[in-house]
Amino acid sequence: MQPFPAPLATDFEHVCLTSDEPEEVVPPMPRGATVAKLVQGGGRIEHSFAIIERGYLGVRSTSGSSGAREYWVNLAFLDPRPVRPAGSLLWSLAALLAFGRLVFCTRHGRVPVLELMRGEPDREQVKGFVAALEEAVHRAAAARPGSNGRLLRDEMKEHRRLLGAGVLQPHEFEAAKARILRAHG
């Protein structure tokens, strides 16, 4: 009987999902040209969104009472289709643009990370930005080659980074982690 050959280190991919000492997750500083930009609100609250050509979305929220808050979202992990806001009976993009707000979630974690108002500053600008966002999401996802284990690890890192940035609450992170594991399992 022939013995089985010893496996090579490249034959396996190990993914560590939990640890007593979580890995520091710092994204590379997004560089590149701004593909599209949208500013909503004004007065006391203003939201600025910028799609960067290398696959990130910059979000800056400014409030008179609490100052400015900035964070980045890796577009490879964003679902390009908005979801129906809670309490809304509408579901099509056209209906949401006409009557409500657009809420974008992470692809597998299903956590809301971006909300656009329907007509600020006007409907055509929002439609143009959403179209550019969808295209950028598809490009970013296509540029992330790798095994299922690597995508799982990277998506978990992105959610942990969003938790650290205060975009996600701990209970949202735990629920997202369970959904990500189910989607990749």
# chains A, B, ... in the order shown; residues from 1 in each chain; ligands from 1
>>> residues_around(residues="segment 51-64 of chain A", least_positions_apart="4", cutoff="12 Å", atoms="only C-alpha atoms", output="PyMOL selection string")
chain A and resi 27-47+68-78+104+113-116+129-144+158+165+167
>>> select_by_dssp(residues="segment 21-169 of chain A", states="alpha helix (DSSP H)", output="number ranges by chain")
A: 93-99, 123-142, 148-164
>>> select_by_dssp(residues="segment 40-151 of chain A", states="strand (DSSP E)", output="PyMOL selection string")
chain A and resi 40-42+45-52+56-63+67-74+101-105+112-117
